2 protein chains.
Amino acid sequence: MPGVDTPPAYRILDTDTVPALIGSLPEIRALLGGAPQTWRVHEVGDGNLNLVFIVQGAEGSVCVKQALPYVRAAGASWPMTLERAFFEASYYATVAPYVGGLIPRIYHHHPELYCTVMECLSPHIILRQGLIGGRRYPNVARDIGEYIARASLFTSDLARPFEQKMDGIAVFARNKELLRITVDLVFCDPYRRSERNRHTSPHLDELVADLRGDHELKLAAARFGRKFLNEAQALVHGDLHSGSVMVTEGNTRVIDPEFAFYGPIGFDLGAFLGNLLLSWYSQPGHATAQDNRIAYQNWILEQVEIFWESFRSSFLSLWAGNAQGDVLSTSMFARPEEAHTLELARREFLDGLFADMLGFGACKMIRRIVGFAHVIDFDRIPDAAVRARCEANALAMARTLLTEPAHFRSIQDVIDAVPRMARH
Amino acid sequence: MPGVDTPPAYRILDTDTVPALIGSLPEIRALLGGAPQTWRVHEVGDGNLNLVFIVQGAEGSVCVKQALPYVRAAGASWPMTLERAFFEASYYATVAPYVGGLIPRIYHHHPELYCTVMECLSPHIILRQGLIGGRRYPNVARDIGEYIARASLFTSDLARPFEQKMDGIAVFARNKELLRITVDLVFCDPYRRSERNRHTSPHLDELVADLRGDHELKLAAARFGRKFLNEAQALVHGDLHSGSVMVTEGNTRVIDPEFAFYGPIGFDLGAFLGNLLLSWYSQPGHATAQDNRIAYQNWILEQVEIFWESFRSSFLSLWAGNAQGDVLSTSMFARPEEAHTLELARREFLDGLFADMLGFGACKMIRRIVGFAHVIDFDRIPDAAVRARCEANALAMARTLLTEPAHFRSIQDVIDAVPRMARH
């Protein structure tokens, strides 16, 4: 077995072994219908870390996701803990009571095989693909805003006794190997020389050298790196970009929470916002004679506002109805005349999350352009010169967000700035 | 057995059973000398939570500290987890490599009896007793400043890979029962009606009612309550007041770390500072015809400065020599011209700790005057009117620290304000 040492009961699944495995589960068998040998199995994983099988029976289908003991893209040379399947399952189990239908249904988790049998999402596609294709999803921004509000509020000590959060922290503090990836690839490598970094070259060479010499920018990034490791506000997804969201016109699902840990709520907000902005800046690279994508860019900016306002209003209204936590306890502000004080304190807290969203969002943008893992929003732009211009604009926006935070007091400030940074 | 359910192997020790228990440990036997039946054993615990035995042999002595399954002062009606003995031992084991002789030597920890055999500190007394007695300890402020610097820096991700901190967090996140005490008694109860609260009455009735109606003050306290539960900067002692420090003229030791957890460094700084200030404000209550304590108050204010400067300079110089962490990584600021940037970032970090120290210190002061657990600095002042005046002045200082943080930019600002608040 390549990669990390694997437990004795672990084996890599394939299309031949999957039906027998899940066929032993009565619920799955009933759901798929017919005998396991009649089921059709395809491996469809396009991620870096996992095998993903779609199993189709006469009456239904399920998805089987198994962790591999190495980074798939790098092969056995980059070992990767299997435990991430445990953290993914634990994340889903923790947030499931709060987020309703916004995650896939989980049918079964097999701890020894590090695999999970879950709802097969169909006809959903990855949001990032939809954004590249210029497709509009009327609910997604509102849904993800509400999703983050629900998943974070109810795992924070704003809404729950702190002991509940501590129990979660004790579990997710073990998710170190995936956190290491985030720490290195998001907060460190982009700002220093690293063999893993790449960028569109030579077009961006000068800009990237400039960025790595920008003290103020690097200090801001380091500040958010510290926040990432020091602020255990709530259980966060940890990788909530547009590739971790599956959509249809009317339905939204959050997937791939293996980077989950107790961290700053703004990290999830920033992941989604940052990737909406990356999509905005990538649009000229996907323009055609029929569609210059300008209207679509405007639609994206509308989603930016909908996303933040959905998060903000959901969070505040859920908080008002669920203030059973130890932080900003209502018992300290119990007199009628103190309701206003408490409301002010909550708005101040939301302002902090807003600032965090912008900072983390910017870090996520930068790392996708000058770091190791890029996004197909840019990579699919075949003309390197066009791609570089798109990327340069996105970098300019990220840099402004990080170095001039005082200019961004409202989501409208962000929306106004986005086109201003598209100078080319 | 009263209190919490205890594990089968647990039994409460007494002066008859202690010698046989520790006599089976060759190292202890050698240290004490002679046969166990010749050892003299006294129970001397004056704390709320533990039995403390001093065992004296022909050649030496040791101290045996055992956790009781209830709060001693309240009897079986307030059960208390035995696990705190585990967290105390874990804290000592974690910081021991860094803090040199500033903690007692730990000879043995007995997990099933929740007891620890440690160095018998003699002729040390509790610092709080010394401060009430008007005695001067030339090293203590410097020592505790350096202690907090060492214990916190080396357990933070400034000096160590974040994985080390995560391992610690996973352990100490279980210390929920003691954290619950801090959350309730420090950050909530003082600011709301609670049967556990008390204050010098009727003298302070009006002031206390005023405090519980002060929105701004309560918001500030709530903000520090949030910080306490959300900022996992380093392993902190969690109860580092002047009753957790033992001293001789030349020697300083930190004891009783059972409230330890990964939290804000400023919480330990504030505990020590706040209790120095409580001592300052209590001095008029201990004045005699021979000693008005004014010179002693000045000595205390000198210690305030020495404490902070010792912490600050130790922390910065240790950080400079041990910057192997993931936060503010030197690899991101590796060029010669970036040394200054990194230095600025470190000073900014220290400024944050300074502000945290003041806020947490103020919370600790308030809770000792209007909350459940008071300090003997005030309680030993027999004249209630005198005591109330001392307490009112201390409350005024704490309130200013919390509600006017912008007025306190340096430790000198604090020192200047202290006598100004002694209006009576």
# chains A, B, ... in the order shown; residues from 1 in each chain; ligands from 1

$ interface_residues --of "chain A" --to "chain B" --cutoff "6 Å" --atoms "only C-alpha atoms" --output "list in words"
Met166, Ala170, Ala173, Tyr191, Arg192, Ala222, Arg226, Asn230, Glu231, Ala232, Gln233, Val327, Leu328 and Met332 of chain A

$ select_by_dssp --residues "range 55-236 of chain B" --states "helix (DSSP H, G or I)" --output "PyMOL selection string"
chain B and resi 75-77+84-102+127-132+140-153+162-172+176-191+205-212+215-230

$ closest_residue --among "B:Cys63, B:Ala30, B:Met246, B:Cys390" --to "Ile126 in chain B" --atoms "only C-alpha atoms"
B:Met246

$ residues_around --residues "range 127-138 of chain B" --least-positions-apart "2" --cutoff "7 Å" --atoms "only C-alpha atoms" --output "ChimeraX atom specification"
/B:125,140,242-243,245-247,249,279,296,377

$ closest_residue --among "B:Thr288, B:Asn275, B:Gln37, B:Asn322" --to "Met357 in chain B" --atoms "only C-alpha atoms"
B:Asn275

$ calpha_fit_and_write --fixed "chain B" --moving "chain A" --output "compact mmCIF listing (two decimals) with C-alpha atoms, in the first residue's frame"
# COMPACT_ATOMS: atom_id res chain seq x y z
CA MET A 1 -18.38 8.85 48.91
CA PRO A 2 -19.93 12.29 48.72
CA GLY A 3 -19.75 14.47 45.63
CA VAL A 4 -19.18 13.14 42.16
CA ASP A 5 -19.02 9.47 41.40
CA THR A 6 -15.45 8.41 41.94
CA PRO A 7 -13.54 5.66 40.15
CA PRO A 8 -13.30 2.36 42.03
CA ALA A 9 -9.60 2.77 42.88
CA TYR A 10 -10.09 6.24 44.35
CA ARG A 11 -10.06 6.75 48.08
CA ILE A 12 -9.59 9.87 50.14
CA LEU A 13 -6.16 9.88 51.73
CA ASP A 14 -5.51 10.75 55.34
CA THR A 15 -2.48 11.17 57.54
CA ASP A 16 -2.48 7.42 58.27
CA THR A 17 -2.58 6.22 54.66
CA VAL A 18 -0.23 8.71 53.02
CA PRO A 19 3.09 7.20 54.28
CA ALA A 20 2.32 3.70 53.04
CA LEU A 21 1.28 5.07 49.65
CA ILE A 22 4.34 7.16 48.95
CA GLY A 23 6.65 4.82 50.87
CA SER A 24 6.30 2.41 47.97
CA LEU A 25 8.08 4.89 45.68
CA PRO A 26 11.86 4.37 45.93
CA GLU A 27 12.71 7.94 44.92
CA ILE A 28 10.45 9.42 47.59
CA ARG A 29 11.70 6.99 50.18
CA ALA A 30 15.29 7.97 49.50
CA LEU A 31 14.39 11.61 49.61
CA LEU A 32 12.57 11.43 52.95
CA GLY A 33 14.94 8.96 54.61
CA GLY A 34 14.11 6.35 57.24
CA ALA A 35 11.06 4.09 57.35
CA PRO A 36 7.59 5.34 56.38
CA GLN A 37 6.27 4.74 59.89
CA THR A 38 8.73 7.34 61.19
CA TRP A 39 7.48 10.06 58.86
CA ARG A 40 5.38 12.89 60.23
CA VAL A 41 2.31 13.84 58.22
CA HIS A 42 0.19 16.99 58.53
CA GLU A 43 -2.80 18.01 56.50
CA VAL A 44 -2.38 21.70 55.73
CA GLY A 45 -4.73 22.38 52.82
CA ASP A 46 -6.36 25.74 53.12
CA GLY A 47 -7.68 25.84 49.59
CA ASN A 48 -11.17 25.05 48.48
CA LEU A 49 -10.61 21.99 46.41
CA ASN A 50 -7.87 19.75 47.70
CA LEU A 51 -6.22 17.89 50.52
CA VAL A 52 -2.59 18.87 51.03
CA PHE A 53 -0.29 16.77 53.19
CA ILE A 54 3.21 17.68 54.27
CA VAL A 55 5.28 14.56 54.89
CA GLN A 56 8.50 14.99 56.81
CA GLY A 57 11.19 12.35 57.09
CA ALA A 58 14.62 12.33 58.67
CA GLU A 59 16.27 13.78 55.59
CA GLY A 60 13.65 15.71 53.71
CA SER A 61 10.02 16.42 53.09
CA VAL A 62 7.49 16.22 50.28
CA CYS A 63 4.04 17.56 49.67
CA VAL A 64 1.14 15.33 48.64
CA LYS A 65 -1.80 17.06 46.98
CA GLN A 66 -5.00 15.12 46.40
CA ALA A 67 -8.11 16.25 44.60
CA LEU A 68 -11.40 15.85 46.47
CA PRO A 69 -14.57 15.00 44.60
CA TYR A 70 -16.30 18.14 45.86
CA VAL A 71 -15.58 21.77 46.64
CA ARG A 72 -14.14 21.52 50.10
CA ALA A 73 -15.62 24.76 51.35
CA ALA A 74 -19.10 23.75 50.25
CA GLY A 75 -18.90 20.08 51.22
CA ALA A 76 -20.55 17.34 49.24
CA SER A 77 -23.25 19.68 47.98
CA TRP A 78 -20.92 21.07 45.27
CA PRO A 79 -19.39 18.12 43.44
CA MET A 80 -16.16 18.73 41.57
CA THR A 81 -14.38 16.53 39.09
CA LEU A 82 -11.28 14.71 40.25
CA GLU A 83 -9.84 15.13 36.77
CA ARG A 84 -8.43 18.50 37.75
CA ALA A 85 -5.49 16.61 39.30
CA PHE A 86 -4.81 15.21 35.84
CA PHE A 87 -4.93 18.67 34.26
CA GLU A 88 -2.66 20.09 36.91
CA ALA A 89 -0.13 17.31 36.34
CA SER A 90 -0.45 17.74 32.57
CA TYR A 91 0.11 21.48 32.84
CA TYR A 92 3.22 21.03 34.94
CA ALA A 93 4.56 18.38 32.55
CA THR A 94 3.94 20.65 29.56
CA VAL A 95 5.59 23.80 30.90
CA ALA A 96 8.36 22.15 32.95
CA PRO A 97 10.89 22.13 30.07
CA TYR A 98 10.53 25.89 29.71
CA VAL A 99 10.04 27.47 33.11
CA GLY A 100 13.04 26.10 34.97
CA GLY A 101 12.83 26.33 38.73
CA LEU A 102 9.68 28.46 38.80
CA ILE A 103 7.39 25.49 39.50
CA PRO A 104 7.73 22.91 42.25
CA ARG A 105 9.58 19.71 41.39
CA ILE A 106 7.04 17.00 40.62
CA TYR A 107 8.09 13.59 41.93
CA HIS A 108 5.12 11.42 41.14
CA HIS A 109 1.55 11.58 39.86
CA HIS A 110 -0.89 8.87 40.86
CA PRO A 111 -3.67 8.95 38.27
CA GLU A 112 -6.11 6.67 40.09
CA LEU A 113 -5.88 8.52 43.39
CA TYR A 114 -5.77 11.89 41.61
CA CYS A 115 -2.84 12.88 43.72
CA THR A 116 0.60 14.31 43.07
CA VAL A 117 3.72 14.07 45.17
CA MET A 118 5.75 17.22 44.82
CA GLU A 119 8.44 19.32 46.33
CA CYS A 120 7.59 20.73 49.73
CA LEU A 121 8.07 24.46 49.41
CA SER A 122 9.68 25.77 52.54
CA PRO A 123 10.06 28.41 53.90
CA HIS A 124 7.86 29.78 51.11
CA ILE A 125 4.60 31.49 51.89
CA ILE A 126 1.69 32.42 49.66
CA LEU A 127 2.48 35.75 47.99
CA ARG A 128 -0.95 37.11 48.91
CA GLN A 129 -0.14 36.59 52.57
CA GLY A 130 3.14 38.41 52.10
CA LEU A 131 1.41 41.32 50.38
CA ILE A 132 -1.10 41.61 53.20
CA GLY A 133 1.80 41.56 55.62
CA GLY A 134 3.52 44.38 53.76
CA ARG A 135 6.54 42.25 52.90
CA ARG A 136 8.71 42.90 49.87
CA TYR A 137 9.89 40.22 47.47
CA PRO A 138 12.48 41.68 45.17
CA ASN A 139 12.23 38.98 42.48
CA VAL A 140 8.61 38.00 42.30
CA ALA A 141 7.32 40.48 39.72
CA ARG A 142 10.25 39.87 37.41
CA ASP A 143 9.98 36.09 37.92
CA ILE A 144 6.26 35.90 37.20
CA GLY A 145 6.67 38.12 34.13
CA GLU A 146 9.33 35.80 32.81
CA TYR A 147 7.33 32.74 33.84
CA ILE A 148 4.28 33.78 31.82
CA ALA A 149 6.50 34.66 28.87
CA ARG A 150 8.15 31.24 28.88
CA ALA A 151 5.07 29.15 29.61
CA SER A 152 2.99 30.91 26.96
CA LEU A 153 5.49 31.48 24.16
CA PHE A 154 6.65 27.88 24.08
CA THR A 155 3.12 26.50 24.06
CA SER A 156 1.99 28.87 21.32
CA ASP A 157 2.27 28.55 17.58
CA LEU A 158 4.55 31.55 17.55
CA ALA A 159 7.44 29.37 18.69
CA ARG A 160 6.26 25.90 17.79
CA PRO A 161 4.53 24.18 14.86
CA PHE A 162 0.79 24.50 15.37
CA GLU A 163 0.45 20.75 15.66
CA GLN A 164 2.03 20.85 19.11
CA LYS A 165 -0.59 23.33 20.27
CA MET A 166 -3.38 21.27 18.71
CA ASP A 167 -2.22 18.20 20.64
CA GLY A 168 -2.42 20.22 23.82
CA ILE A 169 -5.78 21.68 22.94
CA ALA A 170 -7.19 18.19 22.42
CA VAL A 171 -6.17 17.32 25.99
CA PHE A 172 -7.11 20.49 27.84
CA ALA A 173 -10.41 20.99 26.02
CA ARG A 174 -11.63 18.32 28.45
CA ASN A 175 -11.02 20.59 31.44
CA LYS A 176 -14.59 21.83 31.17
CA GLU A 177 -15.70 21.65 34.76
CA LEU A 178 -13.05 24.06 35.95
CA LEU A 179 -13.54 26.31 32.95
CA ARG A 180 -17.22 26.44 33.83
CA ILE A 181 -16.28 27.90 37.20
CA THR A 182 -14.23 30.64 35.56
CA VAL A 183 -16.86 31.41 32.94
CA ASP A 184 -19.61 31.72 35.54
CA LEU A 185 -17.72 33.32 38.41
CA VAL A 186 -15.48 35.69 36.47
CA PHE A 187 -17.39 36.63 33.36
CA CYS A 188 -21.09 36.21 34.11
CA ASP A 189 -22.24 36.16 37.74
CA PRO A 190 -20.65 39.47 38.80
CA TYR A 191 -22.75 41.22 36.16
CA ARG A 192 -26.10 39.64 36.95
CA ARG A 193 -28.16 38.60 39.93
CA SER A 194 -26.84 35.38 41.39
CA GLU A 195 -27.25 33.77 44.78
CA ARG A 196 -23.54 33.12 44.84
CA ASN A 197 -22.63 36.82 44.67
CA ARG A 198 -21.84 38.82 47.75
CA HIS A 199 -20.39 42.23 48.52
CA THR A 200 -19.73 44.43 51.52
CA SER A 201 -23.25 45.50 52.32
CA PRO A 202 -24.93 47.91 52.68
CA HIS A 203 -21.87 50.07 51.94
CA LEU A 204 -21.44 48.98 48.35
CA ASP A 205 -25.11 48.30 47.55
CA GLU A 206 -25.50 51.36 45.41
CA LEU A 207 -22.19 50.92 43.61
CA VAL A 208 -22.97 47.31 42.84
CA ALA A 209 -26.43 48.16 41.52
CA ASP A 210 -24.79 50.83 39.41
CA LEU A 211 -22.24 48.36 38.07
CA ARG A 212 -24.92 45.86 37.11
CA GLY A 213 -26.71 48.62 35.24
CA ASP A 214 -23.61 49.87 33.40
CA HIS A 215 -24.16 48.68 29.84
CA GLU A 216 -20.75 49.70 28.61
CA LEU A 217 -18.98 47.94 31.43
CA LYS A 218 -20.99 44.78 30.92
CA LEU A 219 -20.35 44.80 27.18
CA ALA A 220 -16.63 45.10 27.82
CA ALA A 221 -16.76 42.25 30.32
CA ALA A 222 -18.73 40.15 27.85
CA ARG A 223 -16.13 40.91 25.17
CA PHE A 224 -13.41 39.56 27.43
CA GLY A 225 -15.59 36.59 28.27
CA ARG A 226 -15.76 35.87 24.55
CA LYS A 227 -12.01 36.27 24.20
CA PHE A 228 -11.52 33.87 27.09
CA LEU A 229 -13.49 31.14 25.33
CA ASN A 230 -12.42 31.88 21.76
CA GLU A 231 -8.72 32.73 21.73
CA ALA A 232 -6.55 29.66 22.07
CA GLN A 233 -3.18 31.40 22.01
CA ALA A 234 -1.21 29.26 24.41
CA LEU A 235 -1.43 27.01 27.44
CA VAL A 236 -2.40 29.30 30.29
CA HIS A 237 -2.37 28.62 34.02
CA GLY A 238 -5.92 29.88 34.33
CA ASP A 239 -5.79 31.10 37.93
CA LEU A 240 -2.49 32.93 38.31
CA HIS A 241 -3.39 35.32 41.13
CA SER A 242 -1.20 36.09 44.12
CA GLY A 243 -2.61 33.06 45.93
CA SER A 244 -1.10 30.79 43.27
CA VAL A 245 2.42 32.10 43.81
CA MET A 246 4.66 31.00 46.65
CA VAL A 247 7.63 33.10 47.62
CA THR A 248 10.65 33.57 49.76
CA GLU A 249 12.81 36.67 49.55
CA GLY A 250 14.76 35.13 46.71
CA ASN A 251 12.60 32.36 45.31
CA THR A 252 9.32 32.24 43.37
CA ARG A 253 7.12 29.25 42.52
CA VAL A 254 3.88 28.98 40.63
CA ILE A 255 1.37 26.49 42.03
CA ASP A 256 -2.21 25.30 41.54
CA PRO A 257 -2.56 25.20 37.74
CA GLU A 258 -5.70 23.07 37.77
CA PHE A 259 -7.66 25.65 35.76
CA ALA A 260 -5.17 25.29 32.89
CA PHE A 261 -6.35 25.39 29.30
CA TYR A 262 -5.41 26.81 25.93
CA GLY A 263 -6.60 30.38 26.10
CA PRO A 264 -5.55 34.00 25.87
CA ILE A 265 -2.12 34.83 27.29
CA GLY A 266 -3.60 38.04 28.68
CA PHE A 267 -5.70 36.01 31.08
CA ASP A 268 -2.65 34.98 33.12
CA LEU A 269 -1.13 38.45 32.81
CA GLY A 270 -4.38 40.00 33.98
CA ALA A 271 -4.73 37.62 36.92
CA PHE A 272 -1.39 38.66 38.31
CA LEU A 273 -1.74 42.35 37.52
CA GLY A 274 -5.30 42.50 38.84
CA ASN A 275 -4.27 40.96 42.11
CA LEU A 276 -1.34 43.35 42.52
CA LEU A 277 -3.83 46.18 42.08
CA LEU A 278 -6.27 44.62 44.54
CA SER A 279 -3.41 44.46 47.00
CA TRP A 280 -2.61 48.13 46.38
CA TYR A 281 -6.19 49.19 47.06
CA SER A 282 -6.42 46.99 50.16
CA GLN A 283 -3.36 48.52 51.84
CA PRO A 284 -5.16 51.29 53.77
CA GLY A 285 -7.08 48.49 55.50
CA HIS A 286 -3.82 47.03 56.75
CA ALA A 287 -2.21 50.30 57.83
CA THR A 288 -1.02 50.57 61.41
CA ALA A 289 0.21 53.40 63.58
CA GLN A 290 3.75 52.34 62.68
CA ASP A 291 3.20 51.85 58.96
CA ASN A 292 0.67 53.76 56.90
CA ARG A 293 1.58 51.51 53.97
CA ILE A 294 2.12 54.38 51.57
CA ALA A 295 5.70 53.38 50.84
CA TYR A 296 4.50 49.82 50.38
CA GLN A 297 1.88 50.94 47.87
CA ASN A 298 4.64 52.63 45.92
CA TRP A 299 6.61 49.41 46.01
CA ILE A 300 3.57 47.56 44.59
CA LEU A 301 3.33 50.02 41.72
CA GLU A 302 7.00 49.47 40.98
CA GLN A 303 6.22 45.76 40.80
CA VAL A 304 3.45 46.45 38.30
CA GLU A 305 5.98 47.99 35.95
CA ILE A 306 8.64 45.36 36.60
CA PHE A 307 6.10 42.61 35.97
CA TRP A 308 4.96 43.93 32.59
CA GLU A 309 8.43 44.91 31.40
CA SER A 310 9.83 41.55 32.46
CA PHE A 311 7.08 39.76 30.57
CA ARG A 312 7.45 41.96 27.52
CA SER A 313 11.21 41.81 27.20
CA SER A 314 11.35 38.08 27.98
CA PHE A 315 8.63 37.31 25.49
CA LEU A 316 10.23 39.36 22.71
CA SER A 317 13.73 38.02 23.23
CA LEU A 318 12.57 34.41 23.53
CA TRP A 319 10.44 34.86 20.44
CA ALA A 320 13.36 36.26 18.47
CA GLY A 321 15.40 33.20 19.35
CA ASN A 322 12.59 30.66 18.91
CA ALA A 323 10.56 31.76 15.92
CA GLN A 324 9.88 28.23 14.71
CA GLY A 325 6.13 28.58 14.75
CA ASP A 326 3.56 28.83 12.00
CA VAL A 327 2.30 32.23 13.07
CA LEU A 328 4.30 35.23 11.86
CA SER A 329 6.72 32.73 10.38
CA THR A 330 10.18 34.13 9.80
CA SER A 331 10.27 32.33 6.47
CA MET A 332 7.73 34.91 5.23
CA PHE A 333 10.00 37.76 6.28
CA ALA A 334 13.37 36.32 5.40
CA ARG A 335 14.99 39.25 3.57
CA PRO A 336 17.25 41.54 5.58
CA GLU A 337 15.00 44.55 4.97
CA GLU A 338 12.05 42.66 6.41
CA ALA A 339 13.54 42.26 9.88
CA HIS A 340 12.05 45.60 10.83
CA THR A 341 8.60 44.59 9.57
CA LEU A 342 8.70 41.45 11.63
CA GLU A 343 9.76 43.43 14.67
CA LEU A 344 6.82 45.80 14.19
CA ALA A 345 4.45 42.86 13.92
CA ARG A 346 5.79 41.41 17.15
CA ARG A 347 5.36 44.71 18.95
CA GLU A 348 1.81 44.92 17.66
CA PHE A 349 1.19 41.45 19.07
CA LEU A 350 2.58 42.54 22.43
CA ASP A 351 0.34 45.62 22.38
CA GLY A 352 -2.60 43.25 21.98
CA LEU A 353 -1.46 41.24 24.99
CA PHE A 354 -1.12 44.46 26.98
CA ALA A 355 -4.70 45.46 26.23
CA ASP A 356 -5.87 41.94 27.07
CA MET A 357 -3.98 42.06 30.37
CA LEU A 358 -5.80 45.21 31.41
CA GLY A 359 -9.23 43.92 30.41
CA PHE A 360 -8.82 40.52 32.01
CA GLY A 361 -7.18 42.10 35.05
CA ALA A 362 -10.18 44.34 35.52
CA CYS A 363 -12.59 41.40 35.23
CA LYS A 364 -10.60 39.56 37.88
CA MET A 365 -10.72 42.58 40.20
CA ILE A 366 -14.46 43.04 39.86
CA ARG A 367 -15.29 39.43 40.52
CA ARG A 368 -13.30 39.45 43.77
CA ILE A 369 -15.40 42.33 45.10
CA VAL A 370 -18.93 41.65 43.89
CA GLY A 371 -18.81 37.93 42.98
CA PHE A 372 -18.62 34.63 44.85
CA ALA A 373 -14.96 34.17 45.78
CA HIS A 374 -13.36 37.14 47.48
CA VAL A 375 -9.75 37.76 48.47
CA ILE A 376 -8.39 37.91 51.98
CA ASP A 377 -6.63 41.19 51.06
CA PHE A 378 -10.05 42.75 51.61
CA ASP A 379 -11.79 40.16 53.75
CA ARG A 380 -9.18 40.52 56.49
CA ILE A 381 -10.00 44.20 56.89
CA PRO A 382 -12.23 44.02 59.98
CA ASP A 383 -13.89 47.44 59.69
CA ALA A 384 -16.55 47.06 57.01
CA ALA A 385 -16.60 50.78 56.26
CA VAL A 386 -12.84 50.85 55.67
CA ARG A 387 -13.04 47.67 53.64
CA ALA A 388 -15.85 49.09 51.52
CA ARG A 389 -13.84 52.22 50.74
CA CYS A 390 -10.86 50.13 49.62
CA GLU A 391 -13.12 47.95 47.52
CA ALA A 392 -14.92 50.91 45.98
CA ASN A 393 -11.62 52.39 44.83
CA ALA A 394 -10.52 49.10 43.32
CA LEU A 395 -13.88 48.84 41.55
CA ALA A 396 -13.46 52.32 40.14
CA MET A 397 -10.06 51.40 38.73
CA ALA A 398 -11.36 48.16 37.20
CA ARG A 399 -14.28 49.99 35.66
CA THR A 400 -12.00 52.59 34.08
CA LEU A 401 -9.73 49.89 32.70
CA LEU A 402 -12.70 48.18 31.07
CA THR A 403 -14.61 51.17 29.79
CA GLU A 404 -11.79 53.55 28.83
CA PRO A 405 -9.15 51.25 27.35
CA ALA A 406 -7.89 54.01 25.04
CA HIS A 407 -6.53 55.87 28.08
CA PHE A 408 -4.12 53.06 28.85
CA ARG A 409 -1.41 52.92 26.21
CA SER A 410 1.49 52.04 28.47
CA ILE A 411 2.09 50.51 31.85
CA GLN A 412 2.93 54.01 33.07
CA ASP A 413 -0.63 55.08 32.21
CA VAL A 414 -1.87 52.32 34.50
CA ILE A 415 0.49 53.27 37.30
CA ASP A 416 -0.54 56.91 37.06
CA ALA A 417 -4.21 56.04 37.22
CA VAL A 418 -4.06 53.77 40.27
CA PRO A 419 -3.74 56.50 42.94
CA ARG A 420 -6.19 58.74 41.08
CA MET A 421 -8.89 56.15 41.64
CA ALA A 422 -8.27 56.13 45.40
CA ARG A 423 -10.64 58.98 45.97
CA HIS A 424 -11.71 58.15 49.51

$ select_by_dssp --residues "range 185-236 of chain A" --states "strand (DSSP E or B)" --output "PyMOL selection string"
chain A and resi 231+234-236

$ write_last_selection --atoms "C-alpha atoms" --output "JSON list (two decimals), in the first residue's frame"
[["chain", "number", "residue", "atom", "x", "y", "z"],
["A", 231, "GLU", "CA", -9.84, 31.87, 17.03],
["A", 234, "ALA", "CA", -17.32, 27.63, 15.74],
["A", 235, "LEU", "CA", -17.09, 24.46, 13.70],
["A", 236, "VAL", "CA", -16.12, 25.61, 10.22]]

$ decode --residues "range 250-260 of chain A" --atoms "N, CA and C atoms" --output "CSV table (one decimal), in the first residue's frame"
chain,number,residue,atom,x,y,z
A,250,GLY,N,-32.6,24.9,-8.4
A,250,GLY,CA,-33.3,25.2,-7.2
A,250,GLY,C,-32.7,24.6,-5.9
A,251,ASN,N,-31.6,23.8,-6.1
A,251,ASN,CA,-31.1,23.1,-4.9
A,251,ASN,C,-29.6,23.3,-4.7
A,252,THR,N,-29.2,23.4,-3.4
A,252,THR,CA,-27.8,23.7,-3.0
A,252,THR,C,-27.4,22.7,-2.0
A,253,ARG,N,-26.2,22.1,-2.2
A,253,ARG,CA,-25.6,21.2,-1.2
A,253,ARG,C,-24.2,21.5,-1.0
A,254,VAL,N,-23.8,21.4,0.3
A,254,VAL,CA,-22.4,21.6,0.7
A,254,VAL,C,-21.7,20.3,0.8
A,255,ILE,N,-20.6,20.1,0.2
A,255,ILE,CA,-19.9,18.8,0.2
A,255,ILE,C,-18.4,19.0,0.7
A,256,ASP,N,-17.7,17.9,0.9
A,256,ASP,CA,-16.3,17.9,1.1
A,256,ASP,C,-15.8,18.7,2.3
A,257,PRO,N,-16.4,18.4,3.5
A,257,PRO,CA,-15.9,19.1,4.7
A,257,PRO,C,-14.7,18.5,5.4
A,258,GLU,N,-13.8,17.9,4.7
A,258,GLU,CA,-12.8,17.2,5.4
A,258,GLU,C,-11.8,18.1,6.1
A,259,PHE,N,-11.7,19.3,5.7
A,259,PHE,CA,-10.8,20.3,6.4
A,259,PHE,C,-11.5,20.9,7.7
A,260,ALA,N,-12.6,20.3,8.1
A,260,ALA,CA,-13.3,21.0,9.2
A,260,ALA,C,-12.5,21.1,10.5
